[in-house]
file start34.csv (CSV, C-alpha atoms)
chain,number,residue,atom,x,y,z
A,68,MET,CA,-28.7,86.6,-181.9
A,69,PRO,CA,-26.1,87.1,-179.1
A,70,GLY,CA,-23.6,84.4,-178.7
A,71,LEU,CA,-25.3,82.0,-181.1
A,72,THR,CA,-23.4,80.6,-184.1
A,73,ARG,CA,-24.4,78.1,-186.7
A,74,GLU,CA,-21.2,76.2,-185.8
A,75,ALA,CA,-22.2,75.9,-182.2
A,76,ASN,CA,-22.8,72.2,-182.3
A,77,ARG,CA,-19.9,71.1,-184.4
A,78,PRO,CA,-17.5,68.5,-182.8
A,79,PRO,CA,-14.9,70.4,-180.7
A,80,GLU,CA,-11.3,70.5,-182.1
A,81,THR,CA,-8.6,70.2,-179.5
A,82,SER,CA,-5.4,71.9,-180.4
A,83,PRO,CA,-2.4,69.5,-179.9
A,84,ALA,CA,-0.2,72.5,-179.0
A,85,MET,CA,-2.5,73.3,-176.1
A,86,PRO,CA,-3.2,70.2,-174.0
A,87,LEU,CA,-6.5,70.2,-172.1
A,88,GLN,CA,-6.1,71.0,-168.4
A,89,LEU,CA,-9.3,70.4,-166.6
A,90,PRO,CA,-9.9,72.6,-163.6
A,91,THR,CA,-9.2,70.9,-160.3
A,92,VAL,CA,-12.2,70.7,-158.0
A,93,THR,CA,-11.7,71.0,-154.3
A,94,VAL,CA,-13.7,69.4,-151.5
A,95,GLN,CA,-15.0,72.7,-150.5
A,96,GLN,CA,-16.3,73.5,-154.0
A,97,VAL,CA,-18.2,70.2,-153.9
A,98,GLN,CA,-19.6,71.0,-150.5
A,99,ASN,CA,-20.7,74.5,-151.7
A,100,CYS,CA,-22.9,72.7,-154.3
A,101,ALA,CA,-24.6,70.6,-151.7
A,102,PHE,CA,-28.3,71.5,-151.6
A,103,ALA,CA,-28.4,72.1,-147.9
A,104,ASN,CA,-25.5,74.6,-148.1
A,105,TRP,CA,-26.8,76.8,-150.9
A,106,TYR,CA,-30.6,76.6,-150.3
A,107,PRO,CA,-30.7,79.1,-147.4
A,108,THR,CA,-29.1,81.8,-149.6
A,109,PHE,CA,-31.2,81.1,-152.7
A,110,ARG,CA,-34.5,80.0,-151.1
A,111,SER,CA,-36.5,82.7,-152.8
A,112,SER,CA,-35.1,81.9,-156.2
A,113,THR,CA,-35.8,78.2,-156.3
A,114,LEU,CA,-38.6,75.7,-155.9
A,115,LYS,CA,-40.2,75.1,-152.4
A,116,SER,CA,-38.2,72.5,-150.6
A,117,VAL,CA,-37.6,70.8,-147.3
A,118,VAL,CA,-34.2,69.6,-146.1
A,119,ILE,CA,-34.1,66.7,-143.7
A,120,PRO,CA,-30.9,65.6,-142.0
A,121,LEU,CA,-30.4,61.8,-142.3
A,122,SER,CA,-29.3,59.6,-139.4
A,123,GLU,CA,-26.3,57.3,-139.8
A,124,GLU,CA,-28.7,54.4,-139.3
A,125,PHE,CA,-30.6,55.4,-142.5
A,126,VAL,CA,-27.4,56.0,-144.4
A,127,GLU,CA,-26.3,52.5,-143.5
A,128,TYR,CA,-29.7,51.2,-144.7
A,129,LEU,CA,-29.2,53.0,-148.1
A,130,ASN,CA,-25.7,51.5,-148.4
A,131,ALA,CA,-26.8,47.9,-147.6
A,132,ASP,CA,-27.4,45.4,-150.3
A,133,GLY,CA,-30.9,44.5,-151.4
A,134,ILE,CA,-34.1,46.5,-151.4
A,135,VAL,CA,-36.4,46.0,-148.4
A,136,LEU,CA,-38.7,48.9,-147.8
A,137,PRO,CA,-38.9,50.1,-144.2
A,138,ALA,CA,-42.0,49.7,-142.1
A,139,ASP,CA,-44.1,52.8,-141.6
A,140,CYS,CA,-44.3,54.8,-138.3
A,141,ARG,CA,-47.0,52.3,-137.1
A,142,GLY,CA,-44.7,49.3,-137.8
A,143,GLN,CA,-46.7,48.2,-140.9
A,144,GLN,CA,-45.0,47.0,-144.1
A,145,GLN,CA,-45.1,49.8,-146.7
A,146,GLU,CA,-46.1,49.5,-150.4
A,147,SER,CA,-44.8,52.0,-153.0
A,148,SER,CA,-47.3,53.5,-155.4
A,149,LEU,CA,-44.5,53.5,-158.0
A,150,SER,CA,-44.7,49.8,-158.6
A,151,ASP,CA,-48.5,49.5,-159.1
A,152,SER,CA,-48.8,46.7,-161.6
A,153,GLU,CA,-52.4,47.6,-162.4
A,154,ASP,CA,-51.0,50.0,-165.0
A,155,GLU,CA,-51.6,48.2,-168.3
A,156,SER,CA,-48.2,49.5,-169.7
A,157,PHE,CA,-46.5,47.4,-167.1
A,158,ILE,CA,-48.0,44.1,-168.1
A,159,THR,CA,-48.1,44.4,-171.9
A,160,GLU,CA,-44.7,42.7,-172.2
A,161,LEU,CA,-45.8,39.6,-170.3
A,162,SER,CA,-47.3,36.6,-172.1
A,163,ASP,CA,-51.1,36.5,-172.3
A,164,GLY,CA,-52.8,34.4,-169.6
A,165,THR,CA,-49.7,33.9,-167.4
A,166,GLU,CA,-48.4,35.4,-164.2
A,167,ALA,CA,-44.7,34.8,-165.1
A,168,THR,CA,-42.1,37.3,-164.0
A,169,TRP,CA,-40.3,39.4,-166.5
A,170,LYS,CA,-37.3,37.1,-166.2
A,171,GLN,CA,-39.4,34.0,-166.8
A,172,ASP,CA,-41.1,35.6,-169.8
A,173,MET,CA,-37.7,36.6,-171.3
A,174,LEU,CA,-36.3,33.1,-170.8
A,175,ALA,CA,-39.4,31.6,-172.4
A,176,ARG,CA,-38.9,33.8,-175.4
A,177,LEU,CA,-35.3,32.7,-175.6
A,178,ARG,CA,-36.3,29.1,-175.1
A,179,VAL,CA,-33.8,28.8,-172.3
A,180,SER,CA,-34.6,27.1,-169.0
A,181,ASP,CA,-34.3,29.1,-165.8
A,182,PRO,CA,-31.5,27.6,-163.6
A,183,ASP,CA,-33.0,29.4,-160.6
A,184,HIS,CA,-36.4,27.9,-161.0
A,185,LYS,CA,-37.6,25.6,-158.2
A,186,PRO,CA,-40.7,23.4,-157.8
A,187,GLU,CA,-43.6,25.4,-156.5
A,188,GLU,CA,-43.6,23.8,-153.0
A,189,GLU,CA,-39.9,24.2,-152.6
A,190,GLU,CA,-40.0,27.8,-153.8
A,191,ASP,CA,-42.8,28.7,-151.4
A,192,SER,CA,-41.1,27.2,-148.4
A,193,SER,CA,-37.8,28.9,-149.2
A,194,ASP,CA,-39.5,32.2,-149.7
A,195,GLU,CA,-41.2,31.9,-146.3
A,196,ASP,CA,-37.8,31.1,-144.7
A,197,GLU,CA,-36.2,34.0,-146.4
A,198,LYS,CA,-38.9,36.5,-145.3
A,199,ASP,CA,-38.4,35.3,-141.8
A,200,ALA,CA,-34.7,35.8,-142.0
A,201,ILE,CA,-34.8,39.4,-143.3
A,202,PRO,CA,-35.6,42.0,-140.6
A,203,VAL,CA,-37.7,44.9,-141.7
A,204,PRO,CA,-36.0,48.3,-140.9
A,205,THR,CA,-38.0,51.1,-139.3
A,206,PHE,CA,-37.4,54.8,-139.4
A,207,PRO,CA,-40.5,56.2,-137.7
A,208,GLU,CA,-39.2,59.8,-137.3
A,209,LEU,CA,-38.0,60.1,-140.9
A,210,HIS,CA,-41.3,58.5,-142.1
A,211,ALA,CA,-43.3,61.0,-140.2
A,212,LEU,CA,-41.2,64.0,-141.5
A,213,ILE,CA,-41.6,62.8,-145.1
A,214,GLU,CA,-45.4,62.3,-144.7
A,215,ALA,CA,-45.7,65.8,-143.3
A,216,ALA,CA,-43.6,67.4,-146.1
A,217,ILE,CA,-45.6,65.6,-148.8
A,218,GLU,CA,-48.8,66.8,-147.3
A,219,ASP,CA,-47.5,70.4,-146.9
A,220,MET,CA,-46.4,70.5,-150.6
A,221,GLY,CA,-49.7,69.4,-152.1
A,222,GLY,CA,-49.4,65.6,-152.0
A,223,ALA,CA,-46.4,65.0,-154.2
A,224,VAL,CA,-42.6,65.7,-154.1
A,225,PHE,CA,-39.4,65.2,-156.0
A,226,ALA,CA,-36.7,63.5,-153.8
A,227,LYS,CA,-32.9,63.7,-153.9
A,228,LEU,CA,-29.9,63.8,-151.7
A,229,ASP,CA,-27.3,66.6,-151.3
A,230,TRP,CA,-26.1,66.4,-154.9
A,231,SER,CA,-27.8,63.8,-157.0
A,232,SER,CA,-31.4,62.7,-157.7
A,233,PRO,CA,-32.4,59.1,-158.3
A,234,LYS,CA,-33.2,59.8,-162.0
A,235,ASP,CA,-31.3,56.7,-163.0
A,236,ALA,CA,-33.8,54.6,-161.0
A,237,CYS,CA,-37.1,56.0,-162.5
A,238,TRP,CA,-37.3,52.7,-164.4
A,239,VAL,CA,-38.4,50.9,-161.3
A,240,ALA,CA,-41.6,53.0,-161.3
A,241,THR,CA,-44.6,52.4,-163.5
A,242,GLY,CA,-44.6,55.3,-166.0
A,243,SER,CA,-40.9,56.0,-165.3
A,244,THR,CA,-41.8,58.8,-162.9
A,245,LEU,CA,-39.8,60.4,-160.0
A,246,LYS,CA,-43.1,61.7,-158.5
A,247,CYS,CA,-43.3,60.5,-154.9
A,248,VAL,CA,-46.7,60.5,-153.1
A,249,ASN,CA,-45.7,58.6,-150.0
A,250,PRO,CA,-42.5,57.7,-148.0
A,251,ALA,CA,-42.3,54.2,-149.6
A,252,ASP,CA,-41.9,55.9,-153.0
A,253,VAL,CA,-39.0,57.9,-151.7
A,254,PHE,CA,-37.3,54.9,-150.1
A,255,LEU,CA,-37.7,52.8,-153.2
A,256,LEU,CA,-36.1,55.4,-155.6
A,257,LEU,CA,-33.2,56.1,-153.2
A,258,LYS,CA,-32.4,52.4,-152.7
A,259,SER,CA,-32.5,51.7,-156.4
A,260,SER,CA,-30.3,54.5,-157.5
A,261,ASP,CA,-26.6,54.2,-158.5
A,262,PHE,CA,-26.3,58.0,-158.4
A,263,VAL,CA,-27.4,58.1,-154.8
A,264,SER,CA,-25.0,55.3,-154.0
A,265,HIS,CA,-22.2,57.4,-155.6
A,266,ASP,CA,-23.1,60.4,-153.4
A,267,LEU,CA,-22.9,58.3,-150.3
A,268,ALA,CA,-19.6,56.6,-151.0
A,269,HIS,CA,-17.7,58.7,-153.6
A,270,ALA,CA,-18.8,62.3,-153.3
A,271,PHE,CA,-15.2,63.6,-153.1
A,272,ASP,CA,-13.5,61.2,-155.5
A,273,GLY,CA,-11.0,63.1,-157.7
A,274,CYS,CA,-11.1,66.2,-155.5
A,275,ALA,CA,-8.1,68.2,-154.4
A,276,THR,CA,-7.7,68.9,-150.7
A,277,ASP,CA,-8.5,72.4,-149.7
A,278,ALA,CA,-5.7,74.7,-148.5
A,279,PRO,CA,-5.5,74.5,-144.7
A,280,PRO,CA,-6.8,77.5,-142.8
A,281,ILE,CA,-4.3,79.9,-141.4
A,282,GLY,CA,-3.1,78.8,-138.0
A,283,SER,CA,-4.1,75.2,-138.5
A,284,ALA,CA,-2.0,72.4,-137.0
A,285,GLU,CA,0.8,71.0,-139.2
A,286,GLY,CA,-0.3,67.9,-141.0
A,287,SER,CA,-4.0,68.9,-140.9
A,288,SER,CA,-4.1,69.2,-144.7
A,289,GLY,CA,-3.6,66.6,-147.4
A,290,LEU,CA,-6.2,64.2,-146.1
A,291,LEU,CA,-9.1,63.8,-148.4
A,292,PRO,CA,-12.3,63.2,-146.5
A,293,GLN,CA,-14.2,60.1,-147.5
A,294,ARG,CA,-17.6,61.7,-147.1
A,295,PRO,CA,-19.4,64.8,-145.6
A,296,GLU,CA,-20.1,64.8,-141.9
A,297,ARG,CA,-23.8,64.5,-142.6
A,298,PHE,CA,-26.1,63.7,-145.5
A,299,HIS,CA,-29.5,65.3,-146.2
A,300,LEU,CA,-32.7,64.2,-147.8
A,301,VAL,CA,-34.2,67.0,-150.0
A,302,LEU,CA,-37.9,67.0,-150.8
A,303,ARG,CA,-39.0,69.5,-153.5
A,304,LYS,CA,-42.6,70.4,-154.4
A,305,TRP,CA,-43.6,68.4,-157.4
A,306,TYR,CA,-44.1,70.3,-160.7
A,307,GLU,CA,-44.5,68.9,-164.2
A,308,LEU,CA,-41.5,70.6,-165.7
A,309,LEU,CA,-40.9,70.7,-169.4
A,310,PRO,CA,-37.5,69.2,-170.3
A,311,SER,CA,-37.3,71.7,-173.2
A,312,MET,CA,-37.1,74.6,-170.8
A,313,GLU,CA,-34.3,73.3,-168.6
A,314,PHE,CA,-30.9,74.9,-169.2
A,315,ARG,CA,-27.3,74.5,-167.9
A,316,CYS,CA,-25.2,77.6,-167.4
A,317,PHE,CA,-21.4,77.9,-167.0
A,318,VAL,CA,-19.8,80.7,-164.9
A,319,ARG,CA,-16.1,81.4,-165.0
A,320,GLU,CA,-14.4,84.2,-163.0
A,321,GLY,CA,-17.9,85.4,-161.9
A,322,LYS,CA,-19.2,85.8,-165.4
A,323,ILE,CA,-21.7,83.6,-167.3
A,324,ILE,CA,-19.9,82.3,-170.4
A,325,GLY,CA,-22.2,79.6,-171.7
A,326,ILE,CA,-25.7,78.3,-171.7
A,327,THR,CA,-26.8,75.0,-173.1
A,328,GLN,CA,-30.1,73.1,-173.5
A,329,ARG,CA,-30.1,70.2,-171.0
A,330,ASP,CA,-32.3,67.8,-172.9
A,331,VAL,CA,-29.8,67.2,-175.8
A,332,ALA,CA,-31.6,64.0,-176.8
A,333,ASN,CA,-34.4,66.0,-178.4
A,334,TYR,CA,-35.0,68.7,-180.9
A,335,TYR,CA,-37.3,71.6,-180.0
A,336,SER,CA,-38.0,73.8,-183.0
A,337,PHE,CA,-39.3,76.8,-181.0
A,338,LEU,CA,-35.9,77.3,-179.3
A,339,LEU,CA,-34.4,78.8,-182.5
A,340,GLU,CA,-37.1,81.4,-182.6
A,341,GLU,CA,-37.0,82.2,-178.9
A,342,ALA,CA,-33.2,82.0,-178.3
A,343,ASP,CA,-32.7,85.7,-177.8
A,344,ALA,CA,-35.5,86.0,-175.3
A,345,ILE,CA,-34.4,82.9,-173.4
A,346,GLN,CA,-30.8,84.0,-173.2
A,347,THR,CA,-31.9,87.5,-172.0
A,348,CYS,CA,-34.1,86.0,-169.2
A,349,ILE,CA,-31.3,83.7,-168.0
A,350,GLU,CA,-28.6,86.4,-168.0
A,351,THR,CA,-30.9,88.9,-166.2
A,352,PHE,CA,-31.7,86.2,-163.6
A,353,PHE,CA,-28.0,85.5,-163.1
A,354,ASN,CA,-27.1,89.2,-162.7
A,355,GLU,CA,-30.0,89.9,-160.2
A,356,LYS,CA,-30.1,86.7,-158.2
A,357,ILE,CA,-26.8,84.8,-158.4
A,358,ARG,CA,-23.9,87.0,-159.3
A,359,GLY,CA,-21.7,87.6,-156.2
A,360,ARG,CA,-23.8,85.4,-153.9
A,361,PHE,CA,-22.3,82.0,-154.6
A,362,PRO,CA,-19.0,81.4,-152.8
A,363,ASP,CA,-17.0,80.3,-155.8
A,364,ALA,CA,-16.0,82.3,-158.9
A,365,ASP,CA,-16.2,79.3,-161.2
A,366,PHE,CA,-19.4,77.1,-161.0
A,367,VAL,CA,-22.2,75.6,-163.0
A,368,PHE,CA,-25.9,76.1,-162.3
A,369,ASP,CA,-29.2,74.7,-163.8
A,370,VAL,CA,-32.3,76.7,-164.3
A,371,TYR,CA,-35.9,76.3,-165.4
A,372,LEU,CA,-37.6,78.9,-167.5
A,373,ASN,CA,-41.4,79.1,-167.2
A,374,GLN,CA,-42.6,79.2,-170.8
A,375,ARG,CA,-45.7,81.1,-170.0
A,376,ASN,CA,-44.5,84.0,-167.8
A,377,ARG,CA,-40.7,83.9,-168.5
A,378,ALA,CA,-40.0,83.4,-164.8
A,379,VAL,CA,-36.6,81.7,-164.1
A,380,TRP,CA,-36.1,79.3,-161.3
A,381,LEU,CA,-32.9,77.9,-159.9
A,382,LEU,CA,-32.7,74.1,-159.9
A,383,ASP,CA,-29.2,73.2,-158.8
A,384,PHE,CA,-25.5,74.1,-158.6
A,385,ASN,CA,-22.6,71.9,-159.8
A,386,PRO,CA,-18.8,72.2,-159.6
A,387,PHE,CA,-16.9,73.7,-162.6
A,388,GLY,CA,-15.0,70.5,-163.3
A,389,ALA,CA,-14.8,67.2,-165.0
A,390,THR,CA,-17.6,65.6,-162.9
A,391,THR,CA,-20.1,68.0,-164.5
A,392,ASP,CA,-21.6,67.1,-167.9
A,393,THR,CA,-20.9,70.0,-170.3
A,394,LEU,CA,-23.6,68.7,-172.7
A,395,LEU,CA,-23.3,70.8,-176.0
A,396,PHE,CA,-19.9,72.2,-174.9
A,397,ALA,CA,-16.4,70.8,-174.6
A,398,TRP,CA,-14.2,71.7,-171.7
A,399,ASP,CA,-11.5,73.2,-173.9
A,400,GLU,CA,-14.1,75.5,-175.3
A,401,LEU,CA,-15.3,76.7,-171.9
A,402,LEU,CA,-11.8,77.2,-170.7
A,403,THR,CA,-10.8,79.4,-173.6
A,404,GLU,CA,-13.9,81.6,-173.7
A,405,THR,CA,-13.0,85.3,-173.2
A,406,ASP,CA,-15.0,88.4,-172.2
A,407,GLU,CA,-15.1,89.5,-175.8
A,408,ASP,CA,-16.8,86.3,-176.8
A,409,GLY,CA,-20.0,87.1,-174.8
A,410,THR,CA,-22.3,84.4,-173.7
A,411,ASP,CA,-22.5,81.4,-176.0
A,412,PHE,CA,-26.0,79.9,-176.1
A,413,ARG,CA,-26.2,76.4,-177.6
A,414,PHE,CA,-29.2,74.2,-178.4
A,415,VAL,CA,-30.0,71.4,-180.8
A,416,GLU,CA,-30.8,73.3,-184.0
A,417,SER,CA,-32.0,70.4,-186.1
A,418,PRO,CA,-33.1,66.7,-185.7
A,419,SER,CA,-29.8,65.6,-187.2
A,420,GLU,CA,-27.9,67.2,-184.3
A,421,ILE,CA,-29.6,65.2,-181.6
A,422,VAL,CA,-27.1,63.9,-179.1
A,423,GLY,CA,-27.5,60.4,-177.7
A,424,ALA,CA,-27.8,56.7,-178.7
A,425,ALA,CA,-30.8,54.5,-179.4
A,426,HIS,CA,-30.7,53.2,-175.8
A,427,PRO,CA,-33.2,54.6,-173.2
A,428,ALA,CA,-31.7,57.1,-170.7
A,429,TYR,CA,-29.6,55.4,-168.1
A,430,ALA,CA,-30.1,52.0,-169.7
A,431,MET,CA,-26.7,50.9,-168.3
A,432,ASN,CA,-28.2,51.2,-164.8
A,433,ARG,CA,-31.0,48.8,-165.6
A,434,LEU,CA,-29.4,45.8,-167.3
A,435,PRO,CA,-26.0,44.3,-167.9
A,436,ARG,CA,-24.0,46.3,-170.4
A,437,ASP,CA,-23.7,43.4,-172.9
A,438,ALA,CA,-27.5,43.0,-172.9
A,439,VAL,CA,-28.1,46.7,-173.5
A,440,GLU,CA,-25.6,46.8,-176.4
A,441,LEU,CA,-27.0,43.6,-177.9
A,442,ALA,CA,-30.6,45.0,-177.7
A,443,ASN,CA,-29.6,48.3,-179.4
A,444,GLY,CA,-33.0,49.7,-178.9
A,445,ASN,CA,-34.9,46.8,-180.5
A,446,ASP,CA,-38.1,45.3,-179.1
A,447,ILE,CA,-38.0,42.2,-176.9
A,448,ASP,CA,-38.7,39.7,-179.7
A,449,THR,CA,-35.9,41.1,-181.9
A,450,PHE,CA,-33.6,41.1,-178.9
A,451,ALA,CA,-34.5,37.4,-178.2
A,452,GLU,CA,-33.7,36.3,-181.7
A,453,ARG,CA,-30.4,38.2,-181.8
A,454,PHE,CA,-29.5,36.6,-178.4
A,455,ARG,CA,-30.2,33.1,-179.7
A,456,ARG,CA,-28.0,33.7,-182.7
A,457,ASN,CA,-25.1,34.9,-180.6
A,458,LEU,CA,-25.6,32.0,-178.2
A,459,TYR,CA,-25.5,29.5,-181.0
A,460,ASP,CA,-22.4,31.1,-182.6
A,461,ALA,CA,-20.6,30.9,-179.2
A,462,MET,CA,-21.2,27.2,-178.9
call {"tool": "encode", "arguments": {"input": "start34.csv", "output": "structure tokens"}}
result
Amino acid sequence: MPGLTREANRPPETSPAMPLQLPTVTVQQVQNCAFANWYPTFRSSTLKSVVIPLSEEFVEYLNADGIVLPADCRGQQQESSLSDSEDESFITELSDGTEATWKQDMLARLRVSDPDHKPEEEEDSSDEDEKDAIPVPTFPELHALIEAAIEDMGGAVFAKLDWSSPKDACWVATGSTLKCVNPADVFLLLKSSDFVSHDLAHAFDGCATDAPPIGSAEGSSGLLPQRPERFHLVLRKWYELLPSMEFRCFVREGKIIGITQRDVANYYSFLLEEADAIQTCIETFFNEKIRGRFPDADFVFDVYLNQRNRAVWLLDFNPFGATTDTLLFAWDELLTETDEDGTDFRFVESPSEIVGAAHPAYAMNRLPRDAVELANGNDIDTFAERFRRNLYDAM
């Protein structure tokens, strides 16, 4: 089995004699990984997508506090299909026979009064005043473009910005899905995502400035741009992808040196049997479709392998640097790989090697950190009892 060893998933050992020097990522390398920049070159090797330039007005809307869905192109208030409370899984945590909110239900279980609760009449009047005070934004052109793209791609899309998808916000949707069937779904996920907010405000954090072009004016280098000149909304045709068939690949000096399973929180027994075939498919795809076509010699790319016909599809590019998750690798391992080592293919080889905690994915993006740590994966009643004990001990 090429590149695969039984020691693949052991904790990395960093030699004290050779301190870890992570590669410095430049602004241009980050820009090269922006979807709108690489999609024209690799259009035939990736999923069908539409790239929509975003206006500064919409970027300001995404950066603003609060979540108010824009009106549609006819000026009517939108409703997202993602928050349909008719799904029984959404209401099973609520007390029987009550219309309490999640917060009220939690406080009731904790036997703690809600300091924000107001009498019904006062609450109704204040709510009406608040609604009157909040203007509803409108982006009719963007709304129409999203509607057209959804219709063209079969009625459902996956939405993201130039680099990140709002996967940390899927918890706002019933069923925890990123499947968008109308513009309101897209707006809700983008507004709820910390990953999207990071793209908008911190895309170039930690980057080195690029070398100034020959003949540029003195002093034109050394200034790190705060953000790209323009952001883009990317809508991709929706497919039910199997997490077990998503892989991350590392390229250094133009050669693929490592492949890792992306869903490291789960064990898939068939990967051990099919490792040779999977590695061959990915390496062939890289040699035929990617090698020499991406502008950087060092980079990371994600692929999806169709389990039925072995077709490989490009999903995304990432910089070869600290901001990219190495999953089953460590950076010191990737930086010391040599041509003689071949391609190292790593995956979770047994249930005991699963990587991850008991918390749901991106739990820290949903609730305060102390609440997540206190819950530790327990159900709501166990969490409530533990919270009461901690509260009593603190008094």
call {"tool": "atom_distance", "arguments": {"input": "start34.csv", "atom1": "CA of Val126 (chain A)", "atom2": "CA of Leu308 (chain A)"}}
result
29.4 Å
call {"tool": "atom_distance", "arguments": {"input": "start34.csv", "atom1": "CA of Asn104 (chain A)", "atom2": "CA of Gly222 (chain A)"}}
result
25.8 Å
call {"tool": "closest_residue", "arguments": {"input": "start34.csv", "among": "A:Thr93, A:Gln88, A:Thr390, A:Gln346", "to": "Val367 (chain A)", "atoms": "all atoms listed in the file"}}
result
A:Thr390
call {"tool": "atom_distance", "arguments": {"input": "start34.csv", "atom1": "CA of Lys322 (chain A)", "atom2": "CA of Val415 (chain A)"}}
result
23.7 Å
call {"tool": "closest_residue", "arguments": {"input": "start34.csv", "among": "A:Ile134, A:Met312, A:Ile324, A:Val248", "to": "Glu214 (chain A)", "atoms": "all atoms listed in the file"}}
result
A:Val248
call {"tool": "residues_around", "arguments": {"input": "start34.csv", "residues": "Leu245 (chain A)", "least_positions_apart": "6", "cutoff": "8 Å", "atoms": "only C-alpha atoms", "output": "MDAnalysis selection string"}}
result
chainID A and resid 225:226 233:234 237 256
call {"tool": "residues_near_point", "arguments": {"input": "start34.csv", "point": "(-33.8, 67.0, -146.4)", "cutoff": "7 Å", "atoms": "all atoms listed in the file", "output": "mmCIF file with C-alpha atoms, in the coordinates of the input"}}
result
data_model
loop_
_atom_site.group_PDB
_atom_site.id
_atom_site.type_symbol
_atom_site.label_atom_id
_atom_site.label_comp_id
_atom_site.auth_asym_id
_atom_site.auth_seq_id
_atom_site.Cartn_x
_atom_site.Cartn_y
_atom_site.Cartn_z
ATOM 1 C CA VAL A 117 -37.600 70.800 -147.300
ATOM 2 C CA VAL A 118 -34.200 69.600 -146.100
ATOM 3 C CA ILE A 119 -34.100 66.700 -143.700
ATOM 4 C CA PRO A 120 -30.900 65.600 -142.000
ATOM 5 C CA HIS A 299 -29.500 65.300 -146.200
ATOM 6 C CA LEU A 300 -32.700 64.200 -147.800
ATOM 7 C CA VAL A 301 -34.200 67.000 -150.000
ATOM 8 C CA LEU A 302 -37.900 67.000 -150.800
#
call {"tool": "closest_residue", "arguments": {"input": "start34.csv", "among": "A:Arg297, A:Arg110, A:Lys227, A:Arg319", "to": "Leu402 (chain A)", "atoms": "only C-alpha atoms"}}
result
A:Arg319
call {"tool": "residues_around", "arguments": {"input": "start34.csv", "residues": "Leu394 (chain A)", "least_positions_apart": "2", "cutoff": "7 Å", "atoms": "all atoms listed in the file", "output": "PyMOL selection string"}}
result
chain A and resi 329+392+396
call {"tool": "residues_around", "arguments": {"input": "start34.csv", "residues": "Phe361 (chain A)", "least_positions_apart": "3", "cutoff": "10 Å", "atoms": "all atoms listed in the file", "output": "VMD selection string"}}
result
chain A and resid 99 to 100 105 108 to 109 321 356 to 358 364 to 366 384
call {"tool": "write_last_selection", "arguments": {"input": "start34.csv", "atoms": "C-alpha atoms", "output": "short mmCIF file (atom, residue, chain, number, x, y, z; two decimals), keeping the file's coordinate frame"}}
result
data_model
loop_
_atom_site.label_atom_id
_atom_site.label_comp_id
_atom_site.auth_asym_id
_atom_site.auth_seq_id
_atom_site.Cartn_x
_atom_site.Cartn_y
_atom_site.Cartn_z
CA ASN A 99 -20.70 74.50 -151.70
CA CYS A 100 -22.90 72.70 -154.30
CA TRP A 105 -26.80 76.80 -150.90
CA THR A 108 -29.10 81.80 -149.60
CA PHE A 109 -31.20 81.10 -152.70
CA GLY A 321 -17.90 85.40 -161.90
CA LYS A 356 -30.10 86.70 -158.20
CA ILE A 357 -26.80 84.80 -158.40
CA ARG A 358 -23.90 87.00 -159.30
CA ALA A 364 -16.00 82.30 -158.90
CA ASP A 365 -16.20 79.30 -161.20
CA PHE A 366 -19.40 77.10 -161.00
CA PHE A 384 -25.50 74.10 -158.60
#
call {"tool": "residues_around", "arguments": {"input": "start34.csv", "residues": "Phe414 (chain A)", "least_positions_apart": "4", "cutoff": "12 Å", "atoms": "all atoms listed in the file", "output": "tab-separated table (two decimals) with C-alpha atoms, in the frame of the given file"}}
result
chain	number	residue	atom	x	y	z
A	70	GLY	CA	-23.60	84.40	-178.70
A	71	LEU	CA	-25.30	82.00	-181.10
A	72	THR	CA	-23.40	80.60	-184.10
A	73	ARG	CA	-24.40	78.10	-186.70
A	74	GLU	CA	-21.20	76.20	-185.80
A	75	ALA	CA	-22.20	75.90	-182.20
A	76	ASN	CA	-22.80	72.20	-182.30
A	77	ARG	CA	-19.90	71.10	-184.40
A	311	SER	CA	-37.30	71.70	-173.20
A	312	MET	CA	-37.10	74.60	-170.80
A	313	GLU	CA	-34.30	73.30	-168.60
A	314	PHE	CA	-30.90	74.90	-169.20
A	315	ARG	CA	-27.30	74.50	-167.90
A	325	GLY	CA	-22.20	79.60	-171.70
A	326	ILE	CA	-25.70	78.30	-171.70
A	327	THR	CA	-26.80	75.00	-173.10
A	328	GLN	CA	-30.10	73.10	-173.50
A	329	ARG	CA	-30.10	70.20	-171.00
A	330	ASP	CA	-32.30	67.80	-172.90
A	331	VAL	CA	-29.80	67.20	-175.80
A	332	ALA	CA	-31.60	64.00	-176.80
A	333	ASN	CA	-34.40	66.00	-178.40
A	334	TYR	CA	-35.00	68.70	-180.90
A	335	TYR	CA	-37.30	71.60	-180.00
A	336	SER	CA	-38.00	73.80	-183.00
A	337	PHE	CA	-39.30	76.80	-181.00
A	338	LEU	CA	-35.90	77.30	-179.30
A	339	LEU	CA	-34.40	78.80	-182.50
A	340	GLU	CA	-37.10	81.40	-182.60
A	341	GLU	CA	-37.00	82.20	-178.90
A	342	ALA	CA	-33.20	82.00	-178.30
A	345	ILE	CA	-34.40	82.90	-173.40
A	346	GLN	CA	-30.80	84.00	-173.20
A	394	LEU	CA	-23.60	68.70	-172.70
A	395	LEU	CA	-23.30	70.80	-176.00
A	396	PHE	CA	-19.90	72.20	-174.90
A	418	PRO	CA	-33.10	66.70	-185.70
A	420	GLU	CA	-27.90	67.20	-184.30
A	421	ILE	CA	-29.60	65.20	-181.60
A	422	VAL	CA	-27.10	63.90	-179.10
call {"tool": "residues_around", "arguments": {"input": "start34.csv", "residues": "Thr391 (chain A)", "least_positions_apart": "4", "cutoff": "12 Å", "atoms": "all atoms listed in the file", "output": "list in words"}}
result
Leu89, Pro90, Val92, Val97, Cys100, Trp230, Ser231, Arg315, Cys316, Phe317, Phe366, Val367, Phe368, Asp369, Asp383, Phe384, Asn385, Pro386, Phe387, Phe396, Ala397 and Trp398 of chain A
